[in-house]
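Asks: One structure coming up, written as structure tokens, with questions to follow.
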Amino acid sequence: MTMPQDLEHHLAIAEDASVELDTRIQAIKEARAVMEESEPDAALRKRFDKANVAVNWERIRRNRDDRPEAVGLLKAIKTALPDLEKLREECDDDVEDGVYRFYHQSWKVYGRLQNLTTRVVAKLRALAPDPAKPLDEYFEEIIAAGTGKRWKQADNQYWTQVTRPIVEAFFHAKYFLDMAVLYGKELDTPPVTMPSGWASVLTLYGIR
């Protein structure tokens with residue numbers, strides 16, 4: 001078939017409401033690819049736009065977020081679940097002592113919590129659909145402020161100013177780890193109408 005015939009073939013499938021939604025979605029993708037390689041006339045472009053809207057509305061009605069980055073992120077989380085759950089267990093075990101060390105004004109708050117935060121963030125980065133893209137800027141700011149610190153005697157005079165960011169960074173990292181584990185288990189596909197925890201995970205990776 002020629003490119004216009006290819007495009008008409010894909011559009012005919014996408015426009016057919018009796019066809020399975022996955023097949024219609026794939027037809028839209030293939031139609032878009034053909035359009036990028038050719039210059040279809042205005043009538044075909046109008047048909048594509050109309051079919052694309054119809055397929056998207058059907059996808060939303062069925063509550064499926066089929067964006068490649070969202071699908072890829074959930075798949076990566078599911079693949080990494082054993083490691084993520086193990087790390088979450090470590091965090092759960094250490095949060096009791098870590099917070100106590102902060103209130104007890106113990107230098108030990110510098111050790112375990114920072115180590116766990118760094119490991120959690122490394123795991124979260126490894127899940128990113130685009131490894132070259134930074135995580136959410138607020139999260140990056142919080143993590144930078146609460147890691148890489150070493151105890152100094154003078155810190156005792158400004159204890160909360162110096163060490164509270166360590167605890168804060170740990171809790172933010174743990175929150176996203178908890179949400180990744182929770183929704184990695186609960187979701188089969190990314191939803192369009194989503195719980196706040198999954199929305200937070202998408203926000204972390206800049207795909208909300």
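Residues are referred to by chain and number: the chain letter is A, B, ... according to the order shown in the structure tokens, the number counts from 1 in that chain, and ligands are numbered separately from 1 in the order shown.
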Find the residues near Leu202 (chain A): any atom within 10 Å, counting only C-alpha atoms, skip ones fewer than 6 places away on the same chain, and give them as a list in words.

Replies: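 Returned residues: Glu69, Ala70, Leu73, Leu74, Ala128, Asp136, Ala180, Ser196 and Arg208 of chain A.
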
Asks: Which of these, A:Phe139, A:Phe170, A:Phe176, A:Phe48, has the shortest distance to Lys123 (chain A) once you count only C-alpha atoms?

Replies: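 Going through A:Phe139, A:Phe170, A:Phe176, A:Phe48 one by one, the smallest distance to Lys123 (chain A) is for A:Phe176.
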
Asks: At a cut-off of 12 Å, using only C-alpha atoms, what residues contact Arg101 (chain A)? Leave out same-chain residues fewer than 4 positions from it and give the result as a list in words.

Replies: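 So, after excluding close chain neighbours, the residues are Asp94, Val95, Glu96, Asp97, Gln105, Ser106, Trp107, Lys108, Val109, Tyr110, Gly111, Arg112, Leu113, Trp159, Thr160, Thr163, Arg164, Ile166 and Val167 of chain A.
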
Asks: Considering only C-alpha atoms, state which residue in the set A:Thr118, A:Gln157, A:Thr189, A:Asn52 is at the smallest distance from Glu140 (chain A).

Replies: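 Of A:Thr118, A:Gln157, A:Thr189, A:Asn52, the one nearest Glu140 (chain A) is A:Thr118, counting only C-alpha atoms.
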